[in-house]
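Asker: File name work.cif; file contents mmCIF, C-alpha atoms and all ligand atoms; full text below.
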data_protein
loop_
_atom_site.label_atom_id
_atom_site.label_comp_id
_atom_site.auth_asym_id
_atom_site.auth_seq_id
_atom_site.Cartn_x
_atom_site.Cartn_y
_atom_site.Cartn_z
CA MET A 1 -3.30 13.57 -26.70
CA ASN A 2 -5.74 12.99 -29.56
CA ASP A 3 -7.80 16.20 -30.05
CA HIS A 4 -10.87 14.17 -31.00
CA LEU A 5 -11.01 12.26 -27.76
CA ARG A 6 -12.91 14.21 -25.14
CA ILE A 7 -11.27 12.75 -22.05
CA SER A 8 -12.42 13.91 -18.61
CA ASP A 9 -10.20 16.59 -17.07
CA ARG A 10 -10.09 14.41 -13.99
CA VAL A 11 -8.27 11.64 -15.81
CA ALA A 12 -6.48 13.70 -18.46
CA ASN A 13 -4.79 15.79 -15.76
CA MET A 14 -3.54 12.76 -13.89
CA LYS A 15 0.23 12.38 -14.23
CA LYS A 16 1.56 9.19 -15.78
CA SER A 17 2.78 6.81 -13.08
CA ALA A 18 6.56 7.04 -12.63
CA ILE A 19 6.47 3.46 -11.33
CA HIS A 20 5.05 2.17 -14.60
CA GLU A 21 7.36 4.40 -16.61
CA MET A 22 10.39 2.90 -14.83
CA THR A 23 9.02 -0.61 -15.34
CA ARG A 24 8.63 0.07 -19.06
CA LEU A 25 12.16 1.45 -19.34
CA SER A 26 13.56 -1.44 -17.28
CA LYS A 27 12.21 -3.94 -19.80
CA GLU A 28 14.54 -2.43 -22.41
CA ILE A 29 17.61 -3.19 -20.28
CA GLU A 30 19.10 -6.66 -20.37
CA ASP A 31 19.93 -8.34 -17.03
CA VAL A 32 18.60 -5.44 -14.97
CA ALA A 33 18.82 -5.60 -11.15
CA PHE A 34 15.20 -4.81 -10.42
CA LEU A 35 14.32 -3.14 -7.11
CA SER A 36 11.29 -1.21 -8.37
CA TRP A 37 8.25 -3.25 -7.52
CA ALA A 38 6.42 -3.72 -4.24
CA LYS A 39 5.22 -7.16 -5.22
CA PRO A 40 5.87 -10.47 -3.44
CA THR A 41 8.23 -12.59 -5.49
CA SER A 42 7.19 -15.84 -3.77
CA ASP A 43 4.46 -17.97 -5.29
CA THR A 44 1.10 -18.45 -3.54
CA PRO A 45 1.35 -21.32 -1.01
CA GLU A 46 0.26 -24.74 -2.35
CA HIS A 47 -2.68 -25.31 0.01
CA ILE A 48 -4.27 -22.07 -1.18
CA LYS A 49 -3.88 -23.02 -4.84
CA GLU A 50 -5.30 -26.49 -4.12
CA ALA A 51 -8.39 -24.98 -2.47
CA ALA A 52 -9.02 -22.89 -5.57
CA ILE A 53 -8.69 -25.94 -7.84
CA GLN A 54 -11.10 -27.83 -5.59
CA ALA A 55 -13.61 -24.96 -5.77
CA ILE A 56 -13.42 -25.05 -9.57
CA ARG A 57 -13.98 -28.83 -9.59
CA GLU A 58 -16.99 -28.44 -7.31
CA GLY A 59 -18.52 -25.91 -9.71
CA LEU A 60 -18.53 -23.14 -7.12
CA VAL A 61 -16.84 -20.35 -9.01
CA GLY A 62 -18.73 -19.79 -12.28
CA GLY A 63 -21.27 -17.29 -10.96
CA TYR A 64 -21.31 -14.08 -8.99
CA SER A 65 -21.25 -14.27 -5.24
CA GLU A 66 -23.13 -11.98 -2.90
CA THR A 67 -21.82 -8.45 -3.44
CA ALA A 68 -20.33 -8.45 0.06
CA GLY A 69 -18.53 -11.77 -0.53
CA ILE A 70 -19.26 -15.40 0.42
CA LEU A 71 -20.42 -15.77 3.99
CA PRO A 72 -17.80 -18.33 5.18
CA LEU A 73 -15.05 -15.96 4.08
CA ARG A 74 -16.60 -13.00 5.88
CA GLU A 75 -16.96 -15.17 8.98
CA GLU A 76 -13.23 -15.97 8.88
CA ILE A 77 -12.42 -12.30 8.29
CA VAL A 78 -14.44 -11.36 11.37
CA LYS A 79 -12.34 -13.80 13.44
CA LYS A 80 -9.11 -12.43 11.98
CA LEU A 81 -10.13 -8.81 12.63
CA GLU A 82 -10.82 -9.63 16.24
CA ARG A 83 -7.65 -11.71 16.71
CA ASP A 84 -5.11 -9.56 14.86
CA ASN A 85 -6.58 -6.05 14.63
CA ASP A 86 -8.54 -5.86 17.86
CA ILE A 87 -11.59 -4.86 15.82
CA GLN A 88 -14.90 -6.34 16.95
CA ALA A 89 -16.81 -6.79 13.70
CA ASN A 90 -19.98 -8.31 12.43
CA VAL A 91 -20.17 -10.14 9.06
CA SER A 92 -22.48 -7.37 7.84
CA GLU A 93 -19.66 -4.84 8.36
CA VAL A 94 -17.22 -6.62 6.04
CA LEU A 95 -16.98 -6.13 2.29
CA VAL A 96 -14.78 -8.47 0.23
CA THR A 97 -13.11 -6.45 -2.52
CA VAL A 98 -10.94 -6.76 -5.62
CA GLY A 99 -7.68 -6.35 -3.72
CA ALA A 100 -7.31 -3.57 -1.19
CA ILE A 101 -7.22 -1.15 -4.11
CA GLU A 102 -10.80 -1.56 -5.22
CA GLY A 103 -11.97 -1.33 -1.60
CA LEU A 104 -10.07 1.93 -1.19
CA SER A 105 -11.48 3.29 -4.45
CA ALA A 106 -15.03 2.37 -3.46
CA ALA A 107 -14.55 3.92 -0.01
CA VAL A 108 -13.18 7.15 -1.47
CA MET A 109 -16.03 7.30 -3.99
CA ALA A 110 -18.55 6.80 -1.20
CA ILE A 111 -17.08 9.50 1.03
CA ILE A 112 -15.63 12.23 -1.18
CA ASP A 113 -17.64 14.85 -3.05
CA PRO A 114 -15.98 16.98 -5.75
CA GLY A 115 -13.76 19.55 -4.05
CA ASP A 116 -13.59 17.74 -0.73
CA GLU A 117 -10.10 17.69 0.75
CA VAL A 118 -8.33 14.54 1.86
CA ILE A 119 -5.24 14.74 4.06
CA LEU A 120 -2.50 12.31 3.06
CA PRO A 121 1.04 11.96 4.40
CA SER A 122 3.83 12.86 2.03
CA PRO A 123 5.46 10.71 0.80
CA THR A 124 2.65 8.21 0.42
CA TYR A 125 1.48 5.43 -1.86
CA SER A 126 0.74 7.26 -5.09
CA THR A 127 -2.39 5.24 -5.86
CA HIS A 128 -4.12 6.87 -2.88
CA ILE A 129 -3.52 10.29 -4.43
CA ARG A 130 -5.01 9.07 -7.72
CA GLN A 131 -8.01 7.60 -5.96
CA VAL A 132 -8.79 11.00 -4.44
CA LEU A 133 -8.33 12.69 -7.83
CA LEU A 134 -10.64 10.14 -9.50
CA ALA A 135 -13.36 11.15 -7.06
CA SER A 136 -12.65 14.81 -8.01
CA GLY A 137 -11.39 15.34 -4.48
CA LYS A 138 -8.38 17.45 -3.54
CA PRO A 139 -5.35 15.61 -2.08
CA VAL A 140 -3.73 17.70 0.65
CA LEU A 141 -0.22 16.34 1.20
CA VAL A 142 1.22 16.88 4.66
CA PRO A 143 4.98 16.18 4.81
CA LEU A 144 6.10 13.53 7.29
CA ILE A 145 9.08 14.26 9.56
CA GLU A 146 11.89 12.41 7.81
CA GLU A 147 14.54 12.86 10.54
CA LYS A 148 12.24 11.14 13.03
CA GLY A 149 11.76 8.12 10.77
CA TYR A 150 8.93 9.66 8.72
CA LEU A 151 6.48 10.29 11.53
CA TRP A 152 3.28 12.29 11.20
CA ASP A 153 3.69 15.99 11.92
CA ILE A 154 0.55 16.28 14.03
CA ASP A 155 0.65 20.10 14.22
CA ALA A 156 1.00 20.30 10.44
CA VAL A 157 -2.03 18.02 10.08
CA LYS A 158 -4.03 20.36 12.34
CA ARG A 159 -2.91 23.40 10.35
CA SER A 160 -3.94 21.80 7.05
CA ILE A 161 -7.58 21.36 8.07
CA THR A 162 -10.14 23.59 6.32
CA PRO A 163 -13.94 23.55 6.19
CA ARG A 164 -13.60 21.28 3.11
CA THR A 165 -11.52 18.60 4.84
CA LYS A 166 -13.44 15.35 4.77
CA ALA A 167 -10.99 12.55 5.41
CA ILE A 168 -7.51 11.40 6.33
CA MET A 169 -6.06 8.52 4.30
CA TYR A 170 -2.80 6.68 4.97
CA CYS A 171 -1.04 3.34 4.83
CA SER A 172 0.76 1.79 7.77
CA PRO A 173 3.19 0.08 7.52
CA SER A 174 3.98 2.65 4.88
CA ASN A 175 4.69 2.33 1.23
CA PRO A 176 7.19 3.87 0.40
CA THR A 177 8.96 4.64 3.71
CA GLY A 178 8.45 1.44 5.73
CA THR A 179 7.27 3.44 8.76
CA VAL A 180 4.92 1.78 11.22
CA PHE A 181 2.81 4.56 12.76
CA SER A 182 2.65 4.05 16.52
CA GLU A 183 -0.50 3.72 18.58
CA THR A 184 0.28 7.09 20.18
CA GLN A 185 0.52 8.86 16.82
CA LEU A 186 -2.66 7.21 15.58
CA GLN A 187 -4.49 8.23 18.76
CA GLU A 188 -3.47 11.82 18.02
CA LEU A 189 -4.79 11.49 14.47
CA ALA A 190 -8.00 9.97 15.85
CA ARG A 191 -8.40 12.98 18.16
CA ILE A 192 -8.17 15.29 15.14
CA ALA A 193 -10.70 13.18 13.23
CA LEU A 194 -13.12 13.34 16.17
CA ASP A 195 -12.65 17.09 16.69
CA HIS A 196 -13.25 17.88 13.02
CA ASP A 197 -15.76 15.17 12.11
CA LEU A 198 -13.45 13.45 9.63
CA ILE A 199 -13.42 9.92 8.27
CA VAL A 200 -10.18 7.94 8.39
CA ILE A 201 -9.41 5.57 5.53
CA THR A 202 -6.56 3.16 6.25
CA ASP A 203 -4.60 0.85 4.01
CA GLU A 204 -3.09 -1.91 6.15
CA ALA A 205 -1.70 -4.00 3.29
CA TYR A 206 1.59 -4.74 5.10
CA GLU A 207 0.06 -5.36 8.54
CA TYR A 208 2.00 -8.60 9.15
CA PHE A 209 5.37 -7.28 8.05
CA THR A 210 6.76 -5.33 10.98
CA PHE A 211 10.24 -5.65 12.51
CA ASP A 212 12.32 -4.82 15.58
CA GLY A 213 9.43 -5.35 18.00
CA LYS A 214 7.25 -2.70 16.32
CA ASN A 215 3.59 -3.66 16.40
CA HIS A 216 1.00 -2.86 13.81
CA PHE A 217 -1.89 -0.86 15.25
CA SER A 218 -5.32 -0.49 13.62
CA ILE A 219 -6.92 2.88 14.28
CA GLY A 220 -10.28 1.17 13.72
CA SER A 221 -9.80 -0.61 17.05
CA LEU A 222 -10.19 2.63 19.03
CA PRO A 223 -13.66 2.44 20.59
CA ASN A 224 -14.71 6.01 19.83
CA MET A 225 -13.57 5.68 16.20
CA GLU A 226 -15.67 2.73 15.07
CA LYS A 227 -18.18 4.87 13.16
CA ARG A 228 -15.59 6.90 11.26
CA VAL A 229 -12.89 4.44 10.13
CA VAL A 230 -12.72 2.40 6.94
CA SER A 231 -9.95 -0.19 7.41
CA THR A 232 -8.74 -1.99 4.29
CA TYR A 233 -6.71 -5.18 4.08
CA THR A 234 -5.43 -7.53 1.42
CA PHE A 235 -4.35 -11.09 0.75
CA THR A 236 -1.85 -9.77 -1.83
CA LYS A 237 1.06 -9.27 0.55
CA THR A 238 0.19 -11.55 3.47
CA TYR A 239 -0.20 -14.70 1.37
CA ALA A 240 1.64 -13.73 -1.84
CA MET A 241 -1.64 -13.55 -3.77
CA THR A 242 -1.03 -10.47 -5.93
CA GLY A 243 -2.73 -11.77 -9.08
CA TRP A 244 -5.76 -13.20 -7.31
CA ARG A 245 -7.01 -9.66 -6.72
CA ILE A 246 -8.62 -10.21 -3.36
CA GLY A 247 -8.89 -8.04 -0.27
CA TYR A 248 -11.52 -6.71 2.11
CA LEU A 249 -12.54 -3.77 4.20
CA HIS A 250 -14.24 -3.17 7.49
CA ALA A 251 -16.46 -0.20 8.25
CA SER A 252 -19.44 0.63 10.44
CA LYS A 253 -22.92 -0.57 9.61
CA GLU A 254 -23.77 3.01 8.59
CA LEU A 255 -20.88 3.28 6.12
CA ILE A 256 -20.87 -0.22 4.63
CA PRO A 257 -24.12 0.08 2.61
CA GLN A 258 -22.84 3.32 1.07
CA ILE A 259 -19.45 1.81 0.19
CA SER A 260 -21.23 -1.26 -1.23
CA LYS A 261 -23.18 1.02 -3.57
CA ALA A 262 -19.86 2.28 -4.95
CA HIS A 263 -18.34 -1.25 -5.01
CA ILE A 264 -21.02 -2.68 -7.32
CA PRO A 265 -20.31 -0.55 -10.42
CA PHE A 266 -16.58 -1.27 -10.05
CA ALA A 267 -16.76 -5.00 -9.36
CA ILE A 268 -20.25 -6.49 -8.67
CA CYS A 269 -18.31 -8.86 -6.42
CA ALA A 270 -14.70 -9.92 -5.89
CA PRO A 271 -13.50 -12.84 -8.07
CA VAL A 272 -15.28 -15.88 -6.64
CA ILE A 273 -12.40 -18.29 -7.21
CA SER A 274 -10.17 -15.95 -5.25
CA GLN A 275 -12.70 -15.79 -2.43
CA TYR A 276 -12.38 -19.57 -2.00
CA ALA A 277 -8.60 -19.29 -2.14
CA ALA A 278 -8.73 -16.52 0.48
CA LEU A 279 -10.92 -18.69 2.70
CA ALA A 280 -8.26 -21.42 2.58
CA ALA A 281 -5.57 -18.83 3.33
CA LEU A 282 -7.31 -17.71 6.52
CA LYS A 283 -8.27 -21.20 7.67
CA GLY A 284 -4.99 -22.91 6.77
CA PRO A 285 -1.54 -22.94 8.40
CA GLN A 286 -0.06 -19.48 8.96
CA ASP A 287 3.61 -20.48 8.88
CA CYS A 288 3.87 -19.15 5.30
CA VAL A 289 3.25 -15.63 6.64
CA GLN A 290 6.02 -16.07 9.21
CA LYS A 291 8.34 -17.37 6.48
CA PHE A 292 7.68 -14.33 4.28
CA ARG A 293 8.21 -12.02 7.23
CA ALA A 294 11.51 -13.67 8.15
CA HIS A 295 12.69 -13.36 4.56
CA TYR A 296 11.78 -9.66 4.35
CA LEU A 297 13.52 -8.95 7.65
CA ALA A 298 16.68 -10.72 6.48
CA MET A 299 16.57 -8.82 3.18
CA ARG A 300 16.01 -5.51 4.97
CA ASN A 301 19.14 -6.14 6.98
CA VAL A 302 21.16 -7.03 3.88
CA MET A 303 19.96 -3.89 2.11
CA CYS A 304 20.76 -1.68 5.09
CA GLU A 305 24.28 -3.16 5.32
CA ARG A 306 24.84 -2.51 1.64
CA LEU A 307 23.46 1.04 1.95
CA ASP A 308 25.84 1.70 4.86
CA ARG A 309 28.72 1.09 2.46
CA LEU A 310 27.29 3.76 0.13
CA GLY A 311 26.93 6.39 2.85
CA SER A 312 28.36 9.14 0.64
CA VAL A 313 25.56 8.62 -1.89
CA PHE A 314 22.51 7.75 0.22
CA GLU A 315 21.27 8.34 3.75
CA TYR A 316 18.30 6.39 4.99
CA GLN A 317 15.82 5.73 7.79
CA LYS A 318 15.73 2.06 8.70
CA PRO A 319 12.29 0.70 7.74
CA GLU A 320 10.31 -0.85 10.59
CA GLY A 321 7.81 -2.54 8.32
CA SER A 322 6.64 -3.34 4.77
CA TYR A 323 9.39 -4.43 2.36
CA LEU A 324 10.32 -1.00 1.10
CA MET A 325 12.72 1.73 1.98
CA PHE A 326 13.13 5.32 0.93
CA PRO A 327 16.73 6.58 1.01
CA ARG A 328 17.59 10.21 0.36
CA ILE A 329 20.01 10.91 -2.48
CA ARG A 330 22.89 12.93 -0.98
CA ILE A 331 24.86 13.73 -4.10
CA LYS A 332 23.97 17.06 -5.65
CA GLU A 333 24.76 16.14 -9.26
CA GLY A 334 22.07 13.47 -9.01
CA GLY A 335 19.48 15.88 -10.48
CA ASP A 336 15.81 15.23 -9.81
CA SER A 337 14.80 11.76 -8.69
CA LEU A 338 13.38 10.75 -12.08
CA SER A 339 16.57 11.70 -13.98
CA PHE A 340 18.65 10.04 -11.25
CA CYS A 341 16.71 6.77 -11.58
CA LYS A 342 16.76 6.85 -15.38
CA LYS A 343 20.54 7.38 -15.34
CA LEU A 344 21.02 4.64 -12.76
CA LEU A 345 19.02 2.30 -14.97
CA ARG A 346 20.86 3.15 -18.20
CA GLU A 347 24.37 3.35 -16.78
CA ALA A 348 24.37 0.91 -13.83
CA LYS A 349 21.51 -1.40 -14.89
CA VAL A 350 19.75 -0.93 -11.55
CA SER A 351 16.02 -0.22 -11.51
CA ALA A 352 14.66 1.86 -8.59
CA THR A 353 11.55 4.02 -8.31
CA PRO A 354 11.95 7.82 -8.28
CA GLY A 355 10.78 9.40 -5.04
CA ILE A 356 8.73 12.04 -6.84
CA ALA A 357 6.21 9.28 -7.64
CA PHE A 358 5.12 9.47 -3.98
CA GLY A 359 4.42 13.20 -3.66
CA ASP A 360 6.55 16.35 -3.81
CA SER A 361 8.39 15.66 -0.57
CA GLY A 362 9.53 12.37 -2.10
CA GLU A 363 11.82 14.34 -4.44
CA SER A 364 15.57 13.66 -3.88
CA HIS A 365 14.75 10.12 -2.79
CA LEU A 366 14.32 6.76 -4.38
CA ARG A 367 12.27 3.79 -3.33
CA LEU A 368 13.98 0.43 -3.08
CA SER A 369 12.15 -2.85 -2.62
CA PHE A 370 13.79 -5.57 -0.56
CA CYS A 371 11.12 -8.06 -1.50
CA VAL A 372 13.64 -9.74 -3.81
CA PRO A 373 16.11 -12.62 -3.68
CA GLU A 374 19.31 -11.78 -1.81
CA GLN A 375 21.44 -12.07 -4.96
CA THR A 376 19.39 -9.30 -6.59
CA ILE A 377 20.25 -6.93 -3.75
CA HIS A 378 23.96 -7.82 -4.04
CA LYS A 379 23.90 -7.49 -7.81
CA ALA A 380 22.27 -4.05 -7.57
CA PHE A 381 24.64 -2.77 -4.87
CA ASP A 382 27.80 -4.24 -6.48
CA ARG A 383 26.84 -2.32 -9.59
CA MET A 384 26.05 0.88 -7.70
CA GLU A 385 29.34 0.71 -5.80
CA THR A 386 31.28 0.48 -9.07
CA TYR A 387 29.13 3.14 -10.71
CA PHE A 388 29.43 5.74 -7.92
CA LYS A 389 33.16 5.11 -7.50
CA ASN A 390 33.57 6.18 -11.11
C1 LIG A 401 0.18 0.31 0.41
C2 LIG A 401 -0.38 -0.60 -0.63
N1 LIG A 401 -1.71 -0.79 -0.69
C3 LIG A 401 -2.26 -1.59 -1.58
C4 LIG A 401 -1.49 -2.26 -2.53
C5 LIG A 401 -2.14 -3.16 -3.51
O1 LIG A 401 -3.00 -4.02 -2.85
P1 LIG A 401 -3.96 -5.00 -3.61
O2 LIG A 401 -3.13 -5.88 -4.50
O3 LIG A 401 -4.61 -5.73 -2.52
O4 LIG A 401 -4.92 -4.20 -4.40
C6 LIG A 401 -0.12 -2.07 -2.55
C7 LIG A 401 0.71 -2.73 -3.57
O5 LIG A 401 1.83 -2.43 -3.80
C8 LIG A 401 0.45 -1.23 -1.57
O6 LIG A 401 1.77 -1.04 -1.51
#
Is it possible to give me this structure as structure tokens?
Ligand SMILES: Cc1ncc(COP(=O)(O)O)c(C=O)c1O
Answerer:
Amino acid sequence: MNDHLRISDRVANMKKSAIHEMTRLSKEIEDVAFLSWAKPTSDTPEHIKEAAIQAIREGLVGGYSETAGILPLREEIVKKLERDNDIQANVSEVLVTVGAIEGLSAAVMAIIDPGDEVILPSPTYSTHIRQVLLASGKPVLVPLIEEKGYLWDIDAVKRSITPRTKAIMYCSPSNPTGTVFSETQLQELARIALDHDLIVITDEAYEYFTFDGKNHFSIGSLPNMEKRVVSTYTFTKTYAMTGWRIGYLHASKELIPQISKAHIPFAICAPVISQYAALAALKGPQDCVQKFRAHYLAMRNVMCERLDRLGSVFEYQKPEGSYLMFPRIRIKEGGDSLSFCKKLLREAKVSATPGIAFGDSGESHLRLSFCVPEQTIHKAFDRMETYFKN
């Protein structure tokens, strides 16, 4: 660090992202089998791209929109929330954001004071931990129960509550474990939130990607929770719109104006061209979402079959959602997860994300993405089979 730069402790103390470190190292390896990123590999569907081009031609995208987002988009979001999340919303309770990420950041900024504690599952999506740190909050990581498919340990959540606890924040379906938290578990979390006057911040980025009859449940749909839940969503995963940077959140009419105050200094408004694209995504045919889901399910099954053949090296919980899985490294000489992944990259040309990137209880694991073409999975596992045999 340069001594002359007076960086905030908040940011200076933040650890470098292991995900980005692995991406950087992977670029140095020729013909790498890349399983590190949680990013759709498909392109955005044509009708969505066409709607954006049309909006440009009509001169609609050169200015700012309303901070909350264009009204027709919020109207479609209201319909979607009612249809798919069982959340009865009003357009004034919806904020269109720069991906789910900016919505989550704005929500955390609006809710967390310095020193406030936020309960997060461990492992969890590392960006959530950083968002709490950016607000000078204290992430309190509560280990999930791995043997039960990474479920919440409700008693441990209760034990971790202190007078400083302000919120619970989680993603379901989960990055990195692929767990879909059940309605029963989320009702138990809701009970805790009600008993201790906590806010719940959800990240439902993978809401449409659930398998084996598991259903996604939005805690914001529970009637007694409507005042204390911020539910965030994105177009990134559902419609393969990663680079468009467009998402939204729903919160009560009491919370929304406060979150909007935090949203303005980050974004003013979400990219207007992407708002028109998102409008077309919601109004257009939904078969693309079903196609993506079918592909992820097929790739999950391929990855599980290949992992079964490497049972002496990895043990895993079958993911019920998202397009990620989080196997445990069984071999002792594997070292910590970062060294393991670096070695795997250098010596087997397979890129995976070290589990430590997702909280301390992620150590001894690695995250694998099955949001890739089938041949990438086979290439990676052919290489690992040869590597671990030797
Ligand atoms: C759980 C989760 N939330 C949010 C995001 C990013 O969402 P967005 O692109 O909408 O900001 C990701 C991306 O990997 C994710 O895994």
Asker: Report, in Å with one decimal, the straight-line distance from atom CA of Ser337 of chain A to atom CA of Ser36 of chain A.
Answerer: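 The value is 13.4 Å.
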Asker: Here is a test: counting only C-alpha atoms, which residue of A:Thr184, A:Thr386, A:Ser136, A:Ser8 is nearest to Arg309 of chain A?
Answerer: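 So, comparing all the options, the nearest one is A:Thr386.
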Asker: Please write as a list in words the list of polymer residues whose atoms come within 8 Å of (23.2, -11.4, 1.1), counting only C-alpha atoms and keeping to the coordinates of the file.
Answerer: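 Collected hits near the coordinates: Met299, Val302, Glu374, Gln375, Ile377 and His378 of chain A.
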Asker: Please identify the residues whose atoms come within 7 Å of ligand LIG 401 (chain A), using only C-alpha atoms and all ligand atoms, and report them as a PyMOL selection string.
Answerer: chain A and resi 38-39+98-102+125+171+174-175+203-205+233-236+242+245-247
Asker: Just give me the gap between atom CA of Ala352 of chain A and atom CA of Arg367 of chain A in Å, one decimal is fine.
Answerer: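 These atoms are spaced 6.1 Å apart.
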Asker: Which residues, written as a CSV table (one decimal) with C-alpha atoms, keeping the file's coordinate frame, have at least one atom at most 10 Å from Phe292 of chain A, with all atoms listed in the file counted and residues fewer than 6 positions away on the same chain left out?
Answerer:
chain,number,residue,atom,x,y,z
A,40,PRO,CA,5.9,-10.5,-3.4
A,41,THR,CA,8.2,-12.6,-5.5
A,42,SER,CA,7.2,-15.8,-3.8
A,208,TYR,CA,2.0,-8.6,9.2
A,209,PHE,CA,5.4,-7.3,8.0
A,237,LYS,CA,1.1,-9.3,0.6
A,238,THR,CA,0.2,-11.6,3.5
A,239,TYR,CA,-0.2,-14.7,1.4
A,240,ALA,CA,1.6,-13.7,-1.8
A,298,ALA,CA,16.7,-10.7,6.5
A,371,CYS,CA,11.1,-8.1,-1.5
Asker: So, counting all atoms listed in the file, which residue among A:Tyr248, A:Tyr323, A:Phe381, A:Tyr316 is closest to Gly103 of chain A?
Answerer: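 Of A:Tyr248, A:Tyr323, A:Phe381, A:Tyr316, the one nearest Gly103 of chain A, counting all atoms listed in the file, is A:Tyr248.
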Asker: Which is closest to Met14 of chain A among A:Arg130, A:Lys332, A:Arg346, A:Lys27, if we use all atoms listed in the file?
Answerer: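 The answer is A:Arg130, which sits nearest to Met14 of chain A.
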Asker: Counting all atoms listed in the file, what are the residues of segment 287-367 of chain A within 12 Å of segment 213-222 of chain A, and for each of them which pair of atoms is the nearest and at what distance in Å, to one decimal? Sort the table by chain and rising number, as CSV.
Answerer:
residue,atom,partner,partner_atom,distance
A:Leu297,CA,A:Gly213,CA,11.7
A:Pro319,CA,A:Lys214,CA,10.5
A:Glu320,CA,A:Lys214,CA,6.8
A:Gly321,CA,A:Lys214,CA,8.0
A:Ser322,CA,A:His216,CA,10.7
Asker: Could you give me, as a list in words, the residues that have an atom at most 9 Å away from the point (-14.2, -17.9, -3.1) in the coordinates of the file, using all atoms listed in the file?
Answerer: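 Final list of nearby residues, as requested, is Ala52, Ala55, Leu60, Val61, Ser65, Gly69, Ile70, Leu73, Ala270, Pro271, Val272, Ile273, Ser274, Gln275, Tyr276, Ala277, Ala278, Leu279 and Ala280 of chain A.
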Asker: From the set A:Met303, A:Ala348, A:Leu104, A:Leu141, which residue has the shortest atom-to-atom contact distance to Val118 of chain A, counting all atoms listed in the file?
Answerer: A:Leu141
Asker: Excluding Lys80 of chain A and residues on its chain fewer than 6 positions from it, collect all residues at most 10 Å away from it, counting all atoms listed in the file, and give them as a list in words.
Answerer: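 Those residues are Arg74, Asp86, Ile87, Gln88, Ala89, Leu282 and Lys283 of chain A.
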Asker: Which distance in Å separates atom CA of Ile56 of chain A and atom CA of Thr232 of chain A, to one decimal?
Answerer: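 Answer for the atom CA of Ile56 of chain A to atom CA of Thr232 of chain A separation: 27.3 Å.
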Asker: Within 10 Å of Glu347 of chain A, counting only C-alpha atoms, which residues show up once you throw out same-chain ones fewer than 3 positions away? Write them as a ChimeraX atom specification, please.
Answerer: /A:341-344,350,383-384,387
Asker: Please determine, counting all atoms listed in the file, which residue among A:Phe358, A:Phe211, A:Tyr150, A:Phe34 has the shortest atom-to-atom distance to Gln317 of chain A.
Answerer: A:Tyr150
Asker: Would you please work out which residue, of A:Ser105, A:Gln187, A:Thr177, A:Asn90, is nearest to Leu366 of chain A when using only C-alpha atoms?
Answerer: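 Selected residue with least distance to Leu366 of chain A: A:Thr177.
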Asker: Which neighbours of Val108 of chain A fall inside 12 Å, counting only C-alpha atoms, when residues of the same chain fewer than 6 positions from it are skipped, and could you give them as a ChimeraX atom specification?
Answerer: /A:101-102,114,116-118,127-139,166-169,199-203,229-232,255,258-263
Asker: Suppose we keep C-alpha atoms; can you now write the selection as a JSON list (two decimals), keeping the file's coordinate frame?
Answerer:
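Below is the file out.json, written as the result:
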[["chain", "number", "residue", "atom", "x", "y", "z"],
["A", 101, "ILE", "CA", -7.22, -1.15, -4.11],
["A", 102, "GLU", "CA", -10.80, -1.56, -5.22],
["A", 114, "PRO", "CA", -15.98, 16.98, -5.75],
["A", 116, "ASP", "CA", -13.59, 17.74, -0.73],
["A", 117, "GLU", "CA", -10.10, 17.69, 0.75],
["A", 118, "VAL", "CA", -8.33, 14.54, 1.86],
["A", 127, "THR", "CA", -2.39, 5.24, -5.86],
["A", 128, "HIS", "CA", -4.12, 6.87, -2.88],
["A", 129, "ILE", "CA", -3.52, 10.29, -4.43],
["A", 130, "ARG", "CA", -5.01, 9.07, -7.72],
["A", 131, "GLN", "CA", -8.01, 7.60, -5.96],
["A", 132, "VAL", "CA", -8.79, 11.00, -4.44],
["A", 133, "LEU", "CA", -8.33, 12.69, -7.83],
["A", 134, "LEU", "CA", -10.64, 10.14, -9.50],
["A", 135, "ALA", "CA", -13.36, 11.15, -7.06],
["A", 136, "SER", "CA", -12.65, 14.81, -8.01],
["A", 137, "GLY", "CA", -11.39, 15.34, -4.48],
["A", 138, "LYS", "CA", -8.38, 17.45, -3.54],
["A", 139, "PRO", "CA", -5.35, 15.61, -2.08],
["A", 166, "LYS", "CA", -13.44, 15.35, 4.77],
["A", 167, "ALA", "CA", -10.99, 12.55, 5.41],
["A", 168, "ILE", "CA", -7.51, 11.40, 6.33],
["A", 169, "MET", "CA", -6.06, 8.52, 4.30],
["A", 199, "ILE", "CA", -13.42, 9.92, 8.27],
["A", 200, "VAL", "CA", -10.18, 7.94, 8.39],
["A", 201, "ILE", "CA", -9.41, 5.57, 5.53],
["A", 202, "THR", "CA", -6.56, 3.16, 6.25],
["A", 203, "ASP", "CA", -4.60, 0.85, 4.01],
["A", 229, "VAL", "CA", -12.89, 4.44, 10.13],
["A", 230, "VAL", "CA", -12.72, 2.40, 6.94],
["A", 231, "SER", "CA", -9.95, -0.19, 7.41],
["A", 232, "THR", "CA", -8.74, -1.99, 4.29],
["A", 255, "LEU", "CA", -20.88, 3.28, 6.12],
["A", 258, "GLN", "CA", -22.84, 3.32, 1.07],
["A", 259, "ILE", "CA", -19.45, 1.81, 0.19],
["A", 260, "SER", "CA", -21.23, -1.26, -1.23],
["A", 261, "LYS", "CA", -23.18, 1.02, -3.57],
["A", 262, "ALA", "CA", -19.86, 2.28, -4.95],
["A", 263, "HIS", "CA", -18.34, -1.25, -5.01]]
Asker: Contacts of Trp37 of chain A at 9 Å or less, counting all atoms listed in the file, minus same-chain residues fewer than 5 places along, as a ChimeraX atom specification?
Answerer: /A:19,23,352-353,368-369,371
